[in-house]
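Data file: final-v2.txt. Format and content: compact mmCIF, C-alpha atoms and all ligand atoms.
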# COMPACT_ATOMS: atom_id res chain seq x y z
CA MET A 30 12.26 14.98 20.92
CA SER A 31 9.58 17.61 20.45
CA GLN A 32 8.30 19.39 23.50
CA MET A 33 5.03 21.19 22.74
CA CYS A 34 4.88 22.98 26.13
CA PRO A 35 5.98 22.13 29.69
CA ASP A 36 5.34 18.41 30.34
CA ILE A 37 3.65 17.78 26.97
CA TYR A 38 5.63 16.03 24.23
CA TRP A 39 4.90 15.01 20.63
CA THR A 40 5.29 11.24 20.29
CA GLY A 41 3.87 10.89 16.78
CA VAL A 42 5.42 9.79 13.50
CA ILE A 43 5.92 11.43 10.12
CA ASP A 44 4.71 9.64 6.99
CA TRP A 45 6.77 11.30 4.26
CA SER A 46 5.66 8.96 1.48
CA VAL A 47 1.90 8.45 1.76
CA ARG A 48 0.21 9.78 -1.38
CA HIS A 49 -3.23 8.13 -1.21
CA PHE A 50 -5.25 8.49 1.96
CA HIS A 51 -8.66 6.89 1.33
CA GLY A 52 -9.12 8.84 -1.90
CA TYR A 53 -7.30 11.97 -0.73
CA GLN A 54 -4.15 12.66 -2.76
CA THR A 55 -1.67 13.63 -0.06
CA ASP A 56 1.07 15.23 -2.17
CA GLN A 57 2.89 16.46 0.93
CA GLY A 58 2.60 13.32 3.05
CA THR A 59 1.17 13.50 6.54
CA SER A 60 1.91 12.79 10.19
CA TYR A 61 0.05 10.75 12.79
CA ASN A 62 0.36 12.80 15.94
CA SER A 63 0.39 11.31 19.39
CA TYR A 64 1.23 13.21 22.59
CA LEU A 65 2.62 12.24 25.97
CA ILE A 66 1.79 14.21 29.11
CA LEU A 67 4.45 13.66 31.77
CA ASP A 68 2.43 14.18 34.95
CA GLN A 69 2.27 12.00 38.08
CA GLN A 70 0.15 9.59 36.03
CA PRO A 71 1.91 9.63 32.62
CA THR A 72 -0.79 9.86 29.95
CA LEU A 73 -0.62 9.18 26.23
CA ILE A 74 -3.00 10.73 23.73
CA ASP A 75 -3.66 8.46 20.72
CA THR A 76 -1.41 5.98 18.97
CA VAL A 77 -0.30 5.94 15.31
CA LYS A 78 -0.61 3.83 12.15
CA GLU A 79 0.60 0.31 12.84
CA SER A 80 3.39 0.34 10.23
CA PHE A 81 5.15 3.03 12.33
CA PHE A 82 4.89 1.12 15.60
CA GLY A 83 8.67 0.75 16.17
CA GLU A 84 9.38 4.44 15.68
CA TYR A 85 6.43 5.36 17.90
CA VAL A 86 7.61 3.18 20.77
CA GLN A 87 11.17 4.51 20.48
CA ARG A 88 9.91 8.05 20.77
CA ILE A 89 7.85 7.27 23.88
CA THR A 90 10.47 5.21 25.69
CA LYS A 91 13.00 8.04 25.44
CA LEU A 92 10.64 9.84 27.83
CA VAL A 93 9.03 7.15 29.99
CA PRO A 94 9.05 3.33 30.25
CA LEU A 95 5.88 1.86 28.74
CA ASP A 96 4.90 0.09 31.97
CA GLN A 97 4.71 3.46 33.76
CA ILE A 98 2.05 4.91 31.46
CA LYS A 99 -1.20 5.06 33.41
CA TYR A 100 -3.70 6.27 30.81
CA LEU A 101 -4.02 6.14 27.04
CA ILE A 102 -6.70 8.55 25.88
CA VAL A 103 -8.05 7.41 22.49
CA LEU A 104 -9.73 10.33 20.78
CA HIS A 105 -10.58 8.54 17.53
CA ALA A 106 -10.81 4.88 16.46
CA GLU A 107 -9.91 5.37 12.79
CA PRO A 108 -6.94 3.09 12.07
CA ASP A 109 -4.56 5.92 11.11
CA HIS A 110 -4.62 6.76 14.84
CA SER A 111 -5.50 3.46 16.48
CA SER A 112 -3.96 0.58 14.54
CA ALA A 113 -0.80 0.62 16.71
CA LEU A 114 -3.00 0.24 19.81
CA PRO A 115 -3.24 -3.58 19.82
CA LEU A 116 0.54 -3.70 19.30
CA ILE A 117 1.47 -1.41 22.18
CA TYR A 118 -1.24 -2.41 24.64
CA PRO A 119 0.45 -5.66 25.81
CA TYR A 120 3.43 -3.54 26.99
CA LEU A 121 1.23 -1.04 28.87
CA SER A 122 0.87 -3.26 31.93
CA THR A 123 -0.66 -0.63 34.23
CA CYS A 124 -2.53 1.43 31.66
CA THR A 125 -6.26 2.10 31.23
CA ILE A 126 -7.74 3.07 27.86
CA VAL A 127 -9.86 6.21 28.19
CA CYS A 128 -12.42 6.75 25.44
CA THR A 129 -16.11 7.23 24.64
CA GLN A 130 -18.54 4.31 24.77
CA LYS A 131 -18.81 4.30 20.98
CA CYS A 132 -15.05 4.34 20.64
CA GLN A 133 -14.74 1.33 22.94
CA GLN A 134 -17.24 -0.57 20.76
CA MET A 135 -15.28 0.33 17.63
CA LEU A 136 -11.91 -0.64 19.12
CA LYS A 137 -13.32 -4.02 20.18
CA THR A 138 -14.73 -4.57 16.69
CA LEU A 139 -11.60 -3.42 14.90
CA TYR A 140 -9.12 -5.31 17.09
CA LYS A 141 -9.95 -8.64 18.69
CA GLN A 142 -6.97 -8.15 21.06
CA MET A 143 -8.72 -5.10 22.55
CA GLU A 144 -11.86 -6.96 23.57
CA PHE A 145 -10.76 -7.55 27.17
CA ALA A 146 -8.60 -4.47 27.68
CA ARG A 147 -9.04 -2.14 30.68
CA TYR A 148 -11.31 0.72 29.68
CA GLN A 149 -12.59 3.85 31.39
CA ILE A 150 -15.55 5.31 29.52
CA VAL A 151 -15.84 9.12 29.51
CA ASP A 152 -18.33 11.70 28.31
CA ALA A 153 -18.77 15.47 28.48
CA ARG A 154 -19.24 15.38 32.30
CA SER A 155 -16.13 13.29 33.02
CA GLU A 156 -12.87 14.51 34.47
CA LEU A 157 -9.65 12.57 34.77
CA ASN A 158 -7.09 13.65 37.33
CA ILE A 159 -3.57 12.73 36.25
CA GLY A 160 -1.60 14.64 38.90
CA LYS A 161 -1.07 18.38 38.53
CA ARG A 162 -3.70 18.52 35.82
CA THR A 163 -7.23 17.36 35.19
CA MET A 164 -8.25 16.25 31.72
CA LYS A 165 -11.71 17.09 30.40
CA PHE A 166 -13.48 15.56 27.43
CA VAL A 167 -15.50 17.13 24.64
CA PRO A 168 -17.40 14.61 22.50
CA GLN A 169 -17.23 15.68 18.84
CA PRO A 170 -19.35 13.14 16.96
CA MET A 171 -18.75 13.24 13.19
CA LEU A 172 -15.58 15.29 13.37
CA HIS A 173 -14.91 12.99 11.67
CA TRP A 174 -16.38 9.71 12.98
CA PRO A 175 -19.25 9.21 15.44
CA GLU A 176 -17.10 8.09 18.37
CA GLN A 177 -14.70 11.02 18.27
CA MET A 178 -13.88 13.44 21.09
CA TRP A 179 -11.44 16.17 22.02
CA SER A 180 -9.59 16.29 25.32
CA TYR A 181 -8.68 19.46 27.19
CA SER A 182 -6.12 20.20 29.83
CA GLN A 183 -7.57 23.28 31.49
CA ASN A 184 -4.40 23.77 33.56
CA ASP A 185 -2.29 24.21 30.40
CA LYS A 186 -5.16 25.51 28.25
CA VAL A 187 -4.11 22.88 25.72
CA LEU A 188 -6.78 21.30 23.50
CA PHE A 189 -6.18 17.99 21.76
CA THR A 190 -8.34 18.32 18.64
CA SER A 191 -7.97 14.96 16.91
CA ASP A 192 -8.67 15.39 13.15
CA ALA A 193 -10.06 18.93 13.44
CA PHE A 194 -7.69 21.78 12.47
CA GLY A 195 -5.17 19.27 11.08
CA GLN A 196 -3.59 19.05 7.65
CA HIS A 197 -2.02 16.31 5.57
CA LEU A 198 1.51 17.65 5.80
CA ALA A 199 4.75 15.87 6.61
CA SER A 200 7.13 18.22 8.41
CA THR A 201 9.81 18.09 11.06
CA GLU A 202 8.27 21.28 12.45
CA ARG A 203 5.44 20.89 14.93
CA PHE A 204 3.77 24.31 14.82
CA GLY A 205 2.16 26.27 12.02
CA ASP A 206 4.10 29.42 12.92
CA GLN A 207 7.35 27.63 11.99
CA LEU A 208 6.22 27.27 8.37
CA ASP A 209 4.80 29.43 5.60
CA GLU A 210 1.38 30.37 6.99
CA GLN A 211 -0.22 30.51 3.53
CA GLN A 212 0.83 26.95 2.83
CA VAL A 213 -0.56 25.77 6.16
CA VAL A 214 -3.83 27.63 5.59
CA TYR A 215 -4.23 26.05 2.14
CA LEU A 216 -3.58 22.55 3.45
CA GLN A 217 -5.97 23.10 6.34
CA LYS A 218 -8.70 24.13 3.88
CA GLU A 219 -7.90 21.16 1.64
CA TYR A 220 -8.23 18.82 4.61
CA LEU A 221 -11.45 20.46 5.74
CA ALA A 222 -12.94 20.13 2.24
CA ASN A 223 -11.94 16.51 1.68
CA ILE A 224 -12.43 15.04 5.16
CA LEU A 225 -14.85 17.21 7.12
CA GLY A 226 -16.83 18.83 4.28
CA PRO A 227 -20.18 17.18 5.12
CA TYR A 228 -20.18 18.24 8.76
CA ALA A 229 -20.79 21.99 8.79
CA SER A 230 -23.15 21.99 11.79
CA GLN A 231 -20.75 19.92 13.90
CA ILE A 232 -17.94 22.30 12.90
CA GLN A 233 -20.06 25.25 13.96
CA ARG A 234 -20.55 23.76 17.44
CA ALA A 235 -16.86 22.87 17.72
CA CYS A 236 -15.80 26.42 16.82
CA GLU A 237 -18.21 27.82 19.39
CA TRP A 238 -16.55 25.65 22.03
CA VAL A 239 -13.12 27.01 21.08
CA VAL A 240 -14.34 30.61 21.16
CA GLN A 241 -15.93 30.14 24.59
CA ASN A 242 -13.06 28.23 26.21
CA LYS A 243 -10.14 30.14 24.66
CA PRO A 244 -7.47 27.42 24.56
CA LYS A 245 -3.89 28.67 24.10
CA MET A 246 -2.80 25.71 22.03
CA LEU A 247 -4.51 23.39 19.55
CA LEU A 248 -2.68 20.07 19.24
CA THR A 249 -3.85 18.29 16.10
CA ALA A 250 -3.79 14.65 15.00
CA HIS A 251 -2.24 15.44 11.57
CA GLY A 252 0.35 17.93 10.39
CA VAL A 253 1.27 20.94 12.46
CA SER A 254 -0.37 22.32 15.60
CA PHE A 255 -1.14 25.89 16.61
CA ARG A 256 0.06 28.15 19.43
CA LYS A 257 -0.17 31.55 17.67
CA ASP A 258 -2.94 33.16 15.63
CA LEU A 259 -5.42 30.53 16.80
CA ASP A 260 -8.19 32.84 15.66
CA VAL A 261 -6.89 32.72 12.04
CA PHE A 262 -6.84 28.94 11.92
CA THR A 263 -10.17 28.59 13.73
CA GLN A 264 -11.73 31.21 11.45
CA ILE A 265 -11.28 28.97 8.41
CA TYR A 266 -13.49 26.36 10.07
CA SER A 267 -15.93 28.89 11.38
CA ASP A 268 -16.29 30.58 7.96
CA TYR A 269 -16.98 27.25 6.30
CA ALA A 270 -19.59 26.33 8.88
CA SER A 271 -21.39 29.64 8.40
CA GLY A 272 -21.13 29.55 4.60
CA LEU A 273 -18.64 32.40 4.42
CA THR A 274 -15.82 30.60 2.63
CA ALA A 275 -17.67 31.06 -0.68
CA ARG A 276 -16.89 34.72 -1.21
CA ASN A 277 -16.03 35.70 -4.74
CA LYS A 278 -14.87 32.79 -6.88
CA VAL A 279 -16.60 30.66 -9.50
CA VAL A 280 -15.27 27.20 -10.34
CA ILE A 281 -15.59 25.90 -13.89
CA LEU A 282 -15.06 22.15 -14.12
CA TYR A 283 -14.99 20.55 -17.55
CA GLU A 284 -13.88 17.57 -19.56
CA SER A 285 -13.26 18.06 -23.26
CA MET A 286 -12.94 15.48 -26.03
CA TYR A 287 -11.37 17.44 -28.91
CA GLY A 288 -10.99 20.89 -27.35
CA ALA A 289 -14.43 22.40 -28.10
CA THR A 290 -15.61 22.22 -24.48
CA ALA A 291 -12.28 23.71 -23.34
CA ARG A 292 -12.79 26.73 -25.64
CA ALA A 293 -16.31 27.18 -24.30
CA ALA A 294 -14.94 27.04 -20.72
CA GLN A 295 -12.53 29.83 -21.62
CA ALA A 296 -15.30 32.03 -23.09
CA LEU A 297 -17.48 31.39 -20.03
CA ALA A 298 -14.57 32.23 -17.70
CA GLU A 299 -13.96 35.53 -19.51
CA GLY A 300 -17.65 36.44 -19.22
CA ILE A 301 -17.75 35.70 -15.48
CA LYS A 302 -14.45 37.51 -14.95
CA SER A 303 -15.74 40.58 -16.79
CA ALA A 304 -18.45 40.85 -14.13
CA GLY A 305 -15.74 41.09 -11.43
CA LEU A 306 -15.68 37.57 -10.03
CA GLN A 307 -12.57 35.44 -9.70
CA ILE A 308 -12.40 32.22 -11.69
CA GLU A 309 -10.79 28.84 -11.22
CA VAL A 310 -10.96 26.68 -14.36
CA LEU A 311 -10.29 23.01 -13.76
CA ASP A 312 -9.74 20.55 -16.60
CA ILE A 313 -10.75 17.28 -15.06
CA GLN A 314 -8.02 15.45 -16.97
CA VAL A 315 -5.24 17.27 -15.18
CA THR A 316 -6.65 18.03 -11.76
CA THR A 317 -7.24 15.76 -8.79
CA LEU A 318 -10.42 15.18 -6.83
CA THR A 319 -8.53 16.54 -3.82
CA LYS A 320 -7.79 19.90 -5.51
CA LEU A 321 -11.31 20.01 -6.92
CA ALA A 322 -12.84 19.65 -3.44
CA ALA A 323 -10.59 22.42 -2.09
CA ALA A 324 -11.75 24.70 -4.93
CA ALA A 325 -15.41 23.75 -4.42
CA LEU A 326 -15.20 24.65 -0.72
CA GLU A 327 -14.45 28.26 -1.64
CA CYS A 328 -16.68 28.84 -4.67
CA CYS A 329 -19.88 30.88 -4.76
CA GLY A 330 -20.94 29.39 -8.11
CA PHE A 331 -20.16 26.30 -10.16
CA CYS A 332 -20.20 25.60 -13.91
CA LEU A 333 -20.05 22.04 -15.24
CA GLY A 334 -19.11 21.35 -18.85
CA SER A 335 -18.66 18.20 -20.88
CA ALA A 336 -18.56 16.85 -24.37
CA THR A 337 -21.25 14.24 -24.99
CA PHE A 338 -19.90 10.72 -24.78
CA ASN A 339 -22.33 7.88 -25.60
CA THR A 340 -25.34 10.15 -24.86
CA GLY A 341 -24.00 11.13 -21.40
CA PRO A 342 -21.16 13.20 -19.97
CA MET A 343 -17.52 12.13 -20.24
CA PRO A 344 -16.73 9.39 -17.70
CA ASP A 345 -14.58 11.40 -15.29
CA VAL A 346 -17.25 14.11 -14.99
CA SER A 347 -19.63 11.67 -13.31
CA LYS A 348 -16.88 10.39 -11.03
CA ALA A 349 -15.87 13.90 -9.94
CA MET A 350 -19.45 14.97 -9.28
CA GLY A 351 -20.06 11.80 -7.25
CA TYR A 352 -17.04 12.67 -5.09
CA LEU A 353 -18.26 16.23 -4.53
CA ALA A 354 -21.81 15.05 -3.75
CA GLY A 355 -20.50 12.96 -0.86
CA LEU A 356 -18.82 16.04 0.60
CA GLY A 357 -21.81 18.37 0.15
CA LEU A 358 -19.58 21.27 -0.88
CA LEU A 359 -21.88 22.62 -3.61
CA ARG A 360 -25.09 22.56 -1.58
CA ASN A 361 -27.39 25.50 -2.45
CA LYS A 362 -24.81 27.13 -4.70
CA PRO A 363 -25.90 28.43 -8.15
CA ALA A 364 -24.73 26.12 -10.91
CA MET A 365 -25.04 25.83 -14.68
CA THR A 366 -24.02 23.43 -17.45
CA PHE A 367 -22.42 23.72 -20.86
CA CYS A 368 -22.05 21.01 -23.43
CA ALA A 369 -20.47 20.25 -26.81
CA PHE A 370 -22.30 17.56 -28.78
CA GLY A 371 -22.57 15.96 -32.21
CA TRP A 372 -26.13 14.65 -32.35
CA SER A 373 -27.32 14.24 -28.71
CA ASP A 374 -26.58 16.84 -26.04
CA CYS A 375 -26.01 15.70 -22.47
CA THR A 376 -27.45 18.75 -20.67
CA SER A 377 -30.13 16.82 -18.79
CA LYS A 378 -27.55 14.37 -17.45
CA LEU A 379 -25.24 17.18 -16.37
CA ILE A 380 -28.19 18.76 -14.56
CA GLU A 381 -28.84 15.43 -12.80
CA LEU A 382 -25.26 15.54 -11.52
CA LEU A 383 -25.75 19.09 -10.23
CA GLU A 384 -29.02 18.13 -8.58
CA ARG A 385 -27.34 15.20 -6.87
CA ASN A 386 -25.02 17.84 -5.39
CA LYS A 387 -28.09 19.82 -4.24
CA CYS A 388 -27.04 22.82 -6.36
CA ASP A 389 -29.41 25.62 -7.28
CA VAL A 390 -29.47 24.91 -11.05
CA VAL A 391 -29.90 27.97 -13.27
CA PHE A 392 -30.33 28.16 -17.07
CA ARG A 393 -31.93 24.71 -17.12
CA GLU A 394 -32.35 24.95 -20.90
CA GLY A 395 -28.57 24.45 -21.05
CA THR A 396 -25.77 26.15 -22.93
CA MET A 397 -24.79 23.88 -25.79
CA PHE A 398 -23.42 23.84 -29.32
CA LYS A 399 -22.78 21.32 -32.09
CA PHE A 400 -19.22 20.05 -32.46
CA ARG A 401 -17.40 23.37 -32.17
CA ALA A 402 -18.68 26.75 -31.06
CA THR A 403 -18.63 29.45 -33.74
CA GLN A 404 -17.32 32.90 -32.88
CA GLU A 405 -20.93 34.03 -32.54
CA LYS A 406 -21.66 31.14 -30.16
CA LEU A 407 -18.56 31.90 -28.09
CA GLU A 408 -19.84 35.45 -27.68
CA GLU A 409 -23.18 34.04 -26.48
CA ILE A 410 -21.32 31.86 -23.99
CA PHE A 411 -19.38 34.93 -22.79
CA GLU A 412 -22.72 36.68 -22.20
CA ARG A 413 -24.02 33.62 -20.36
CA GLY A 414 -21.01 33.98 -18.07
CA VAL A 415 -21.99 37.59 -17.36
CA GLN A 416 -25.56 36.46 -16.58
CA PHE A 417 -24.30 33.64 -14.39
CA ALA A 418 -22.20 36.04 -12.33
CA ASP A 419 -25.42 37.91 -11.64
CA LYS A 420 -26.91 34.75 -10.09
CA CYS A 421 -24.03 34.36 -7.61
CA GLU A 422 -23.96 36.03 -4.23
CA TRP A 423 -20.48 37.37 -3.77
CA GLU A 424 -18.44 40.04 -2.07
CA GLN A 425 -16.30 42.42 -4.08
CA GLU A 426 -12.85 42.82 -2.52
FE1 LIG B 501 -7.04 11.05 10.89
FE2 LIG B 501 -10.44 10.45 10.86
O1 LIG B 501 -8.60 10.02 11.02
For the file at hand, write its structure as structure tokens.
Amino acid sequence: MSQMCPDIYWTGVIDWSVRHFHGYQTDQGTSYNSYLILDQQPTLIDTVKESFFGEYVQRITKLVPLDQIKYLIVLHAEPDHSSALPLIYPYLSTCTIVCTQKCQQMLKTLYKQMEFARYQIVDARSELNIGKRTMKFVPQPMLHWPEQMWSYSQNDKVLFTSDAFGQHLASTERFGDQLDEQQVVYLQKEYLANILGPYASQIQRACEWVVQNKPKMLLTAHGVSFRKDLDVFTQIYSDYASGLTARNKVVILYESMYGATARAAQALAEGIKSAGLQIEVLDIQVTTLTKLAAAALECCGFCLGSATFNTGPMPDVSKAMGYLAGLGLLRNKPAMTFCAFGWSDCTSKLIELLERNKCDVVFREGTMFKFRATQEKLEEIFERGVQFADKCEWEQE
């Protein structure tokens, strides 16, 4: 049994084995966090993924019989948090579902059994008295779905943040300060990049709410929660929303056919490095889209290289750039191409991929060479790296 603070318990489940979460490679599993507030009107926050229903119910009933739960606050309708709802609802004989109007519509569409459930619709002006405490609600549309909200117990200064501030991390610990902080920070950034990347303005507003209201605890829907150094973990979100995550690193992403593009990537990296920037070189064949997005979140410049394959880029280059375009992580960042070719260079198609990502494309004439770069050409590519560094806005540490 995990007590988060007086009267508030974790009633979630740990998914140690999930590795694919709608395109996100979750190497460290995840958790689906639910919470129980034991007040005069016992109140649940969220459910879990349906396959964990039995474990979820066991955890709750150690604390309170299901028929005594008076409210179930549903912060988010996505099935990783709601698919156990139609399973548990028949046992919640005196319970009312508390959610936004949009969430109610989604729950009714997702689960036929929820069509005639008891609902109480809330918005930013609503308050819900559950005994010693009053719950408030903070709609957070697009963090990460349109129906989403946070809930706040002002009495405890505890904020239930749904997807925001979470990480895909399976752990028996419940708080970030019980683990290696660097690991938690990395996973939080990875989650931000892959799940919430497109929503910078919403993140900005959400961070402002946290700064103004000064909660003492952030209870997340995935991974660990936070009770110490809240400013550190909020800062990651705030920096992203204000464009400050991209400080001093360039990402080079490439796919090579026979090694020529890889050698060019190395020469380019050395040129950029010589100007003082940090470099992350990612061979698309051995990286994941998940790691790529995390790198893209923090880069101040982006270089895309490919061998020509049937007049266009190598197949995985297009796939990776399509993934990044959906997340908007390269928007307005300087970007350039490089290309190895035999008889038809693919520069224009690489530029199309950068433009789809709304990059600021520089050196539009391209940086290309036939079959294999000569030593002289590699020196030119090194120089191009130096020039590219000059196009990036970055902070020297
Ligand atoms: Fe963890 Fe957007 O669901």
Using Å and a single decimal, report how far CA of Ala291 in chain A sits from CA of Leu321 in chain A.
16.9 Å
Closest to Lys245 in chain A among A:Val187, A:Ala199, A:Leu225, A:Ala354, using only C-alpha atoms?
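The answer is A:Val187, which sits nearest to Lys245 in chain A.
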For Ser267 in chain A, the nearest of the candidates A:Thr376, A:Thr290, A:Ser63, A:Ser230, counting only C-alpha atoms
A:Ser230
12 Å shell around ligand LIG 501 (chain B) using only C-alpha atoms and all ligand atoms, listed as a VMD selection string
chain A and resid 50 to 51 53 59 to 63 75 to 78 103 to 112 169 to 178 190 to 198 220 to 221 223 to 225 249 to 252
What is the CA of Thr366 in chain A to CA of Ile301 in chain A distance in Å?
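Going from CA of Thr366 in chain A over to CA of Ile301 in chain A covers 13.9 Å.
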What's the separation between CA of Tyr283 in chain A and CA of Trp423 in chain A, in Å to one decimal place?
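Interatomic distance here is 22.4 Å.
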With all atoms listed in the file as the atoms that count, which of A:Met350, A:Val240, A:Ala113, A:Val151 lies nearest to Leu383 in chain A?
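For Leu383 in chain A, the nearest of the given residues is A:Met350.
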Have range 58-84 of chain A completed to N, CA and C atoms, please, and pass it along as a short mmCIF file (atom, residue, chain, number, x, y, z; two decimals), in the coordinates of the input.
data_model
loop_
_atom_site.label_atom_id
_atom_site.label_comp_id
_atom_site.auth_asym_id
_atom_site.auth_seq_id
_atom_site.Cartn_x
_atom_site.Cartn_y
_atom_site.Cartn_z
N GLY A 58 2.51 14.29 1.96
CA GLY A 58 2.60 13.32 3.05
C GLY A 58 1.68 13.71 4.20
N THR A 59 1.96 13.14 5.37
CA THR A 59 1.17 13.50 6.54
C THR A 59 1.95 13.12 7.80
N SER A 60 1.35 13.34 8.95
CA SER A 60 1.91 12.79 10.19
C SER A 60 0.75 12.24 11.00
N TYR A 61 1.04 11.28 11.85
CA TYR A 61 0.05 10.75 12.79
C TYR A 61 0.54 11.19 14.16
N ASN A 62 -0.14 12.17 14.72
CA ASN A 62 0.36 12.80 15.94
C ASN A 62 -0.18 12.12 17.19
N SER A 63 0.74 11.82 18.08
CA SER A 63 0.39 11.31 19.39
C SER A 63 1.11 12.23 20.37
N TYR A 64 0.60 12.33 21.60
CA TYR A 64 1.23 13.21 22.59
C TYR A 64 1.36 12.47 23.91
N LEU A 65 2.39 12.83 24.65
CA LEU A 65 2.62 12.24 25.97
C LEU A 65 2.63 13.38 26.99
N ILE A 66 1.80 13.22 28.02
CA ILE A 66 1.79 14.21 29.11
C ILE A 66 2.54 13.58 30.28
N LEU A 67 3.65 14.19 30.66
CA LEU A 67 4.45 13.66 31.77
C LEU A 67 3.99 14.31 33.07
N ASP A 68 2.96 13.72 33.65
CA ASP A 68 2.43 14.18 34.95
C ASP A 68 2.64 13.01 35.92
N GLN A 69 2.08 13.12 37.13
CA GLN A 69 2.27 12.00 38.08
C GLN A 69 1.76 10.69 37.50
N GLN A 70 0.67 10.76 36.74
CA GLN A 70 0.15 9.59 36.03
C GLN A 70 0.44 9.82 34.54
N PRO A 71 1.57 9.36 34.03
CA PRO A 71 1.91 9.63 32.62
C PRO A 71 0.77 9.19 31.69
N THR A 72 0.42 10.08 30.77
CA THR A 72 -0.79 9.86 29.95
C THR A 72 -0.46 10.07 28.48
N LEU A 73 -0.81 9.08 27.68
CA LEU A 73 -0.62 9.18 26.23
C LEU A 73 -1.93 9.62 25.59
N ILE A 74 -1.81 10.39 24.53
CA ILE A 74 -3.00 10.73 23.73
C ILE A 74 -2.80 10.07 22.37
N ASP A 75 -3.63 9.11 22.04
CA ASP A 75 -3.66 8.46 20.72
C ASP A 75 -2.40 7.62 20.43
N THR A 76 -2.57 6.72 19.48
CA THR A 76 -1.41 5.98 18.97
C THR A 76 -1.20 6.43 17.52
N VAL A 77 -0.62 5.57 16.70
CA VAL A 77 -0.30 5.94 15.31
C VAL A 77 -0.68 4.77 14.39
N LYS A 78 -0.36 4.91 13.12
CA LYS A 78 -0.61 3.83 12.15
C LYS A 78 0.35 2.68 12.45
N GLU A 79 -0.16 1.46 12.34
CA GLU A 79 0.60 0.31 12.84
C GLU A 79 1.97 0.15 12.20
N SER A 80 2.10 0.54 10.91
CA SER A 80 3.39 0.34 10.23
C SER A 80 4.51 1.20 10.84
N PHE A 81 4.15 2.16 11.70
CA PHE A 81 5.15 3.03 12.33
C PHE A 81 5.35 2.68 13.81
N PHE A 82 4.90 1.48 14.18
CA PHE A 82 4.89 1.12 15.60
C PHE A 82 6.28 1.26 16.25
N GLY A 83 7.32 0.74 15.57
CA GLY A 83 8.67 0.75 16.17
C GLY A 83 9.14 2.17 16.47
N GLU A 84 8.95 3.04 15.52
CA GLU A 84 9.38 4.44 15.68
C GLU A 84 8.59 5.12 16.81
#
